[in-house]
Structures are given as structure tokens and as C-alpha cells.
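*Asks:* Provided herewith: model.txt, compact mmCIF, N, CA and C atoms.
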```txt
# COMPACT_ATOMS: atom_id res chain seq x y z
N MET T 1 152.27 268.84 161.89
CA MET T 1 152.32 267.48 161.42
C MET T 1 151.34 267.34 160.27
N GLU T 2 151.76 266.58 159.29
CA GLU T 2 150.93 266.35 158.11
C GLU T 2 151.02 264.86 157.76
N ILE T 3 149.90 264.29 157.36
CA ILE T 3 149.88 262.89 156.92
C ILE T 3 150.06 262.86 155.40
N LYS T 4 151.05 262.08 154.95
CA LYS T 4 151.29 261.91 153.51
C LYS T 4 151.18 260.43 153.18
N THR T 5 150.85 260.14 151.94
CA THR T 5 150.76 258.77 151.47
C THR T 5 151.88 258.49 150.49
N ILE T 6 152.59 257.39 150.75
CA ILE T 6 153.65 256.94 149.84
C ILE T 6 153.11 255.74 149.08
N ASN T 7 153.14 255.82 147.77
CA ASN T 7 152.65 254.73 146.92
C ASN T 7 153.79 253.81 146.53
N LEU T 8 153.66 252.55 146.94
CA LEU T 8 154.63 251.53 146.56
C LEU T 8 153.98 250.62 145.52
N ALA T 9 154.75 249.75 144.95
CA ALA T 9 154.21 248.84 143.93
C ALA T 9 153.14 247.92 144.50
N THR T 10 153.28 247.53 145.76
CA THR T 10 152.36 246.56 146.35
C THR T 10 151.35 247.14 147.34
N ARG T 11 151.59 248.35 147.82
CA ARG T 11 150.67 248.94 148.80
C ARG T 11 150.95 250.42 148.99
N GLN T 12 150.11 251.04 149.78
CA GLN T 12 150.29 252.44 150.15
C GLN T 12 150.62 252.51 151.63
N ILE T 13 151.48 253.45 151.98
CA ILE T 13 151.87 253.64 153.37
C ILE T 13 151.57 255.09 153.75
N GLU T 14 150.91 255.28 154.88
CA GLU T 14 150.69 256.63 155.39
C GLU T 14 151.80 256.95 156.37
N VAL T 15 152.39 258.13 156.23
CA VAL T 15 153.48 258.57 157.10
C VAL T 15 153.15 259.92 157.71
N GLU T 16 153.68 260.16 158.89
CA GLU T 16 153.54 261.45 159.54
C GLU T 16 154.76 262.29 159.20
N VAL T 17 154.55 263.50 158.72
CA VAL T 17 155.65 264.38 158.34
C VAL T 17 155.65 265.60 159.26
N TYR T 18 156.76 265.81 159.91
CA TYR T 18 156.96 266.98 160.77
C TYR T 18 158.02 267.84 160.09
N ALA T 19 157.70 269.07 159.80
CA ALA T 19 158.61 269.95 159.09
C ALA T 19 158.65 271.31 159.77
N PRO T 20 159.75 272.04 159.61
CA PRO T 20 159.81 273.39 160.17
C PRO T 20 158.67 274.23 159.63
N ALA T 21 158.14 275.11 160.47
CA ALA T 21 156.99 275.93 160.08
C ALA T 21 157.31 276.83 158.89
N GLN T 22 158.47 277.45 158.92
CA GLN T 22 158.83 278.36 157.84
C GLN T 22 160.28 278.15 157.46
N THR T 23 160.50 277.90 156.20
CA THR T 23 161.86 277.82 155.69
C THR T 23 161.82 278.09 154.19
N SER T 24 162.81 278.80 153.73
CA SER T 24 162.88 279.08 152.30
C SER T 24 164.05 278.34 151.65
N GLU T 25 164.68 277.50 152.41
CA GLU T 25 165.82 276.75 151.88
C GLU T 25 165.68 275.28 152.23
N GLN T 26 166.51 274.47 151.63
CA GLN T 26 166.49 273.05 151.94
C GLN T 26 167.07 272.84 153.34
N VAL T 27 166.49 271.91 154.05
CA VAL T 27 166.96 271.60 155.40
C VAL T 27 167.20 270.10 155.51
N PRO T 28 168.06 269.68 156.44
CA PRO T 28 168.29 268.24 156.60
C PRO T 28 167.03 267.53 157.07
N ALA T 29 166.98 266.26 156.84
CA ALA T 29 165.84 265.45 157.27
C ALA T 29 166.31 264.40 158.28
N VAL T 30 165.40 264.03 159.17
CA VAL T 30 165.64 262.97 160.13
C VAL T 30 164.50 261.98 160.01
N LEU T 31 164.83 260.71 159.89
CA LEU T 31 163.82 259.67 159.78
C LEU T 31 163.75 258.93 161.11
N LEU T 32 162.57 258.95 161.73
CA LEU T 32 162.36 258.23 162.99
C LEU T 32 161.52 257.00 162.70
N LEU T 33 162.03 255.85 163.05
CA LEU T 33 161.29 254.60 162.86
C LEU T 33 160.70 254.16 164.18
N HIS T 34 159.46 253.69 164.13
CA HIS T 34 158.83 253.25 165.36
C HIS T 34 159.13 251.78 165.62
N GLU T 35 158.83 251.34 166.82
CA GLU T 35 159.06 249.95 167.17
C GLU T 35 157.87 249.09 166.75
N LEU T 36 157.92 247.83 167.05
CA LEU T 36 156.92 246.86 166.63
C LEU T 36 155.50 247.25 167.03
N PHE T 37 155.34 247.86 168.19
CA PHE T 37 154.00 248.16 168.71
C PHE T 37 153.44 249.49 168.23
N GLY T 38 154.14 250.16 167.35
CA GLY T 38 153.63 251.42 166.80
C GLY T 38 154.40 252.62 167.30
N ILE T 39 153.90 253.78 166.93
CA ILE T 39 154.56 255.03 167.31
C ILE T 39 153.93 255.56 168.58
N PHE T 40 154.76 255.91 169.53
CA PHE T 40 154.28 256.44 170.80
C PHE T 40 154.27 257.96 170.77
N ASP T 41 153.49 258.56 171.65
CA ASP T 41 153.42 260.02 171.72
C ASP T 41 154.79 260.64 171.96
N ALA T 42 155.65 259.96 172.71
CA ALA T 42 156.99 260.49 172.97
C ALA T 42 157.77 260.67 171.67
N TYR T 43 157.60 259.74 170.72
CA TYR T 43 158.27 259.86 169.42
C TYR T 43 157.70 261.03 168.63
N ARG T 44 156.40 261.21 168.69
CA ARG T 44 155.77 262.34 168.01
C ARG T 44 156.28 263.66 168.60
N GLU T 45 156.40 263.71 169.91
CA GLU T 45 156.90 264.93 170.57
C GLU T 45 158.34 265.20 170.15
N ASP T 46 159.17 264.15 170.07
CA ASP T 46 160.55 264.31 169.61
C ASP T 46 160.61 264.84 168.18
N ALA T 47 159.77 264.27 167.32
CA ALA T 47 159.75 264.70 165.92
C ALA T 47 159.32 266.16 165.81
N GLN T 48 158.31 266.55 166.57
CA GLN T 48 157.83 267.94 166.52
C GLN T 48 158.91 268.88 167.08
N ASP T 49 159.60 268.46 168.14
CA ASP T 49 160.67 269.27 168.71
C ASP T 49 161.79 269.49 167.70
N LEU T 50 162.18 268.44 167.00
CA LEU T 50 163.23 268.58 165.97
C LEU T 50 162.78 269.52 164.86
N ALA T 51 161.53 269.38 164.44
CA ALA T 51 161.01 270.27 163.38
C ALA T 51 160.98 271.71 163.85
N ASN T 52 160.61 271.93 165.10
CA ASN T 52 160.57 273.30 165.62
C ASN T 52 161.95 273.94 165.68
N ARG T 53 162.97 273.13 165.80
CA ARG T 53 164.36 273.63 165.85
C ARG T 53 164.89 273.91 164.44
N GLY T 54 164.13 273.50 163.43
CA GLY T 54 164.53 273.78 162.04
C GLY T 54 165.39 272.71 161.49
```
Translate this file's structure into C-alpha cells.

*Replies:*
Amino acid sequence: MEIKTINLATRQIEVEVYAPAQTSEQVPAVLLLHELFGIFDAYREDAQDLANRG
């Protein structure tokens, strides 16, 4: 997992990026949105699991 900053016209947003450990080609992306109360560990585990599968 890596924290990246996205710069918008009005503010900056920090996002968590989960990516496959090793890849030499482009891979599909999945965007997981959290609910009102924030991101739960279960969502982080799902994101890491998807990244591990490539």
C-alpha cells in the first residue's frame, strides 16, 4: 500500500493505492469507495487481496 496525493483545484486528497507487487504490463484497476464513516480494515484487506491477485 502506498499513500498518494491527488491535487484538485480546491484541495488535495490523500488516497491509498494498492497495486500488484510485480508487473511489467498494464493491469485493470478497481476503485473502492468508502462509506460515510471512513475506510474500514475489511476494505483495506479486500484491496490488498485484489492487488495480490494481480

*Asks:* Taking the DSSP secondary structure from the backbone, can you list the residues of chain T that are helix (DSSP H, G or I), as a ChimeraX atom specification?

*Replies:* /T:41-52

*Asks:* I need the residues from that last selection saved to file as a short mmCIF file (atom, residue, chain, number, x, y, z; two decimals), in the coordinates of the input (with N, CA and C atoms), if you can.

*Replies:*
```cif
data_model
loop_
_atom_site.label_atom_id
_atom_site.label_comp_id
_atom_site.auth_asym_id
_atom_site.auth_seq_id
_atom_site.Cartn_x
_atom_site.Cartn_y
_atom_site.Cartn_z
N ASP T 41 153.49 258.56 171.65
CA ASP T 41 153.42 260.02 171.72
C ASP T 41 154.79 260.64 171.96
N ALA T 42 155.65 259.96 172.71
CA ALA T 42 156.99 260.49 172.97
C ALA T 42 157.77 260.67 171.67
N TYR T 43 157.60 259.74 170.72
CA TYR T 43 158.27 259.86 169.42
C TYR T 43 157.70 261.03 168.63
N ARG T 44 156.40 261.21 168.69
CA ARG T 44 155.77 262.34 168.01
C ARG T 44 156.28 263.66 168.60
N GLU T 45 156.40 263.71 169.91
CA GLU T 45 156.90 264.93 170.57
C GLU T 45 158.34 265.20 170.15
N ASP T 46 159.17 264.15 170.07
CA ASP T 46 160.55 264.31 169.61
C ASP T 46 160.61 264.84 168.18
N ALA T 47 159.77 264.27 167.32
CA ALA T 47 159.75 264.70 165.92
C ALA T 47 159.32 266.16 165.81
N GLN T 48 158.31 266.55 166.57
CA GLN T 48 157.83 267.94 166.52
C GLN T 48 158.91 268.88 167.08
N ASP T 49 159.60 268.46 168.14
CA ASP T 49 160.67 269.27 168.71
C ASP T 49 161.79 269.49 167.70
N LEU T 50 162.18 268.44 167.00
CA LEU T 50 163.23 268.58 165.97
C LEU T 50 162.78 269.52 164.86
N ALA T 51 161.53 269.38 164.44
CA ALA T 51 161.01 270.27 163.38
C ALA T 51 160.98 271.71 163.85
N ASN T 52 160.61 271.93 165.10
CA ASN T 52 160.57 273.30 165.62
C ASN T 52 161.95 273.94 165.68
#
```

*Asks:* From a DSSP pass on the backbone, collect the residues of chain T flagged as strand (DSSP E or B) and hand them back as a PyMOL selection string.

*Replies:* chain T and resi 2-7+12-17+35+38

*Asks:* To one decimal place in Å, what is the distance between CA of Gln26 in chain T and CA of Arg11 in chain T?

*Replies:* 29.0 Å

*Asks:* Using only C-alpha atoms, determine which residues lie at most 10 Å from Lys4 in chain T, disregarding the query and same-chain residues fewer than 2 positions distant; provide the list as an NGL selection string.

*Replies:* :T and (1-2 or 6-7 or 13-17)

*Asks:* Kindly give the distance, in Å, that separates CA of Gln12 in chain T and CA of Ala47 in chain T, rounded to a single decimal.

*Replies:*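 These atoms are spaced 22.1 Å apart.
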
*Asks:* How many Å lie between CA of Ala51 in chain T and atom C of Leu8 in chain T, rounded to one decimal?

*Replies:*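 It comes out at 27.5 Å.
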
*Asks:* Quick one: residues within 8 Å of Gln48 in chain T, all atoms listed in the file counted, chain neighbours fewer than 3 positions away excluded, as an mmCIF file with N, CA and C atoms, keeping the file's coordinate frame?

*Replies:*
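Saved file part-v9.cif follows:
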```
data_model
loop_
_atom_site.group_PDB
_atom_site.id
_atom_site.type_symbol
_atom_site.label_atom_id
_atom_site.label_comp_id
_atom_site.auth_asym_id
_atom_site.auth_seq_id
_atom_site.Cartn_x
_atom_site.Cartn_y
_atom_site.Cartn_z
ATOM 1 N N MET T 1 152.270 268.840 161.890
ATOM 2 C CA MET T 1 152.320 267.480 161.420
ATOM 3 C C MET T 1 151.340 267.340 160.270
ATOM 4 N N VAL T 17 154.550 263.500 158.720
ATOM 5 C CA VAL T 17 155.650 264.380 158.340
ATOM 6 C C VAL T 17 155.650 265.600 159.260
ATOM 7 N N TYR T 18 156.760 265.810 159.910
ATOM 8 C CA TYR T 18 156.960 266.980 160.770
ATOM 9 C C TYR T 18 158.020 267.840 160.090
ATOM 10 N N ALA T 19 157.700 269.070 159.800
ATOM 11 C CA ALA T 19 158.610 269.950 159.090
ATOM 12 C C ALA T 19 158.650 271.310 159.770
ATOM 13 N N ALA T 42 155.650 259.960 172.710
ATOM 14 C CA ALA T 42 156.990 260.490 172.970
ATOM 15 C C ALA T 42 157.770 260.670 171.670
ATOM 16 N N TYR T 43 157.600 259.740 170.720
ATOM 17 C CA TYR T 43 158.270 259.860 169.420
ATOM 18 C C TYR T 43 157.700 261.030 168.630
ATOM 19 N N ARG T 44 156.400 261.210 168.690
ATOM 20 C CA ARG T 44 155.770 262.340 168.010
ATOM 21 C C ARG T 44 156.280 263.660 168.600
ATOM 22 N N GLU T 45 156.400 263.710 169.910
ATOM 23 C CA GLU T 45 156.900 264.930 170.570
ATOM 24 C C GLU T 45 158.340 265.200 170.150
ATOM 25 N N ALA T 51 161.530 269.380 164.440
ATOM 26 C CA ALA T 51 161.010 270.270 163.380
ATOM 27 C C ALA T 51 160.980 271.710 163.850
ATOM 28 N N ASN T 52 160.610 271.930 165.100
ATOM 29 C CA ASN T 52 160.570 273.300 165.620
ATOM 30 C C ASN T 52 161.950 273.940 165.680
ATOM 31 N N ARG T 53 162.970 273.130 165.800
ATOM 32 C CA ARG T 53 164.360 273.630 165.850
ATOM 33 C C ARG T 53 164.890 273.910 164.440
ATOM 34 N N GLY T 54 164.130 273.500 163.430
ATOM 35 C CA GLY T 54 164.530 273.780 162.040
ATOM 36 C C GLY T 54 165.390 272.710 161.490
#
```
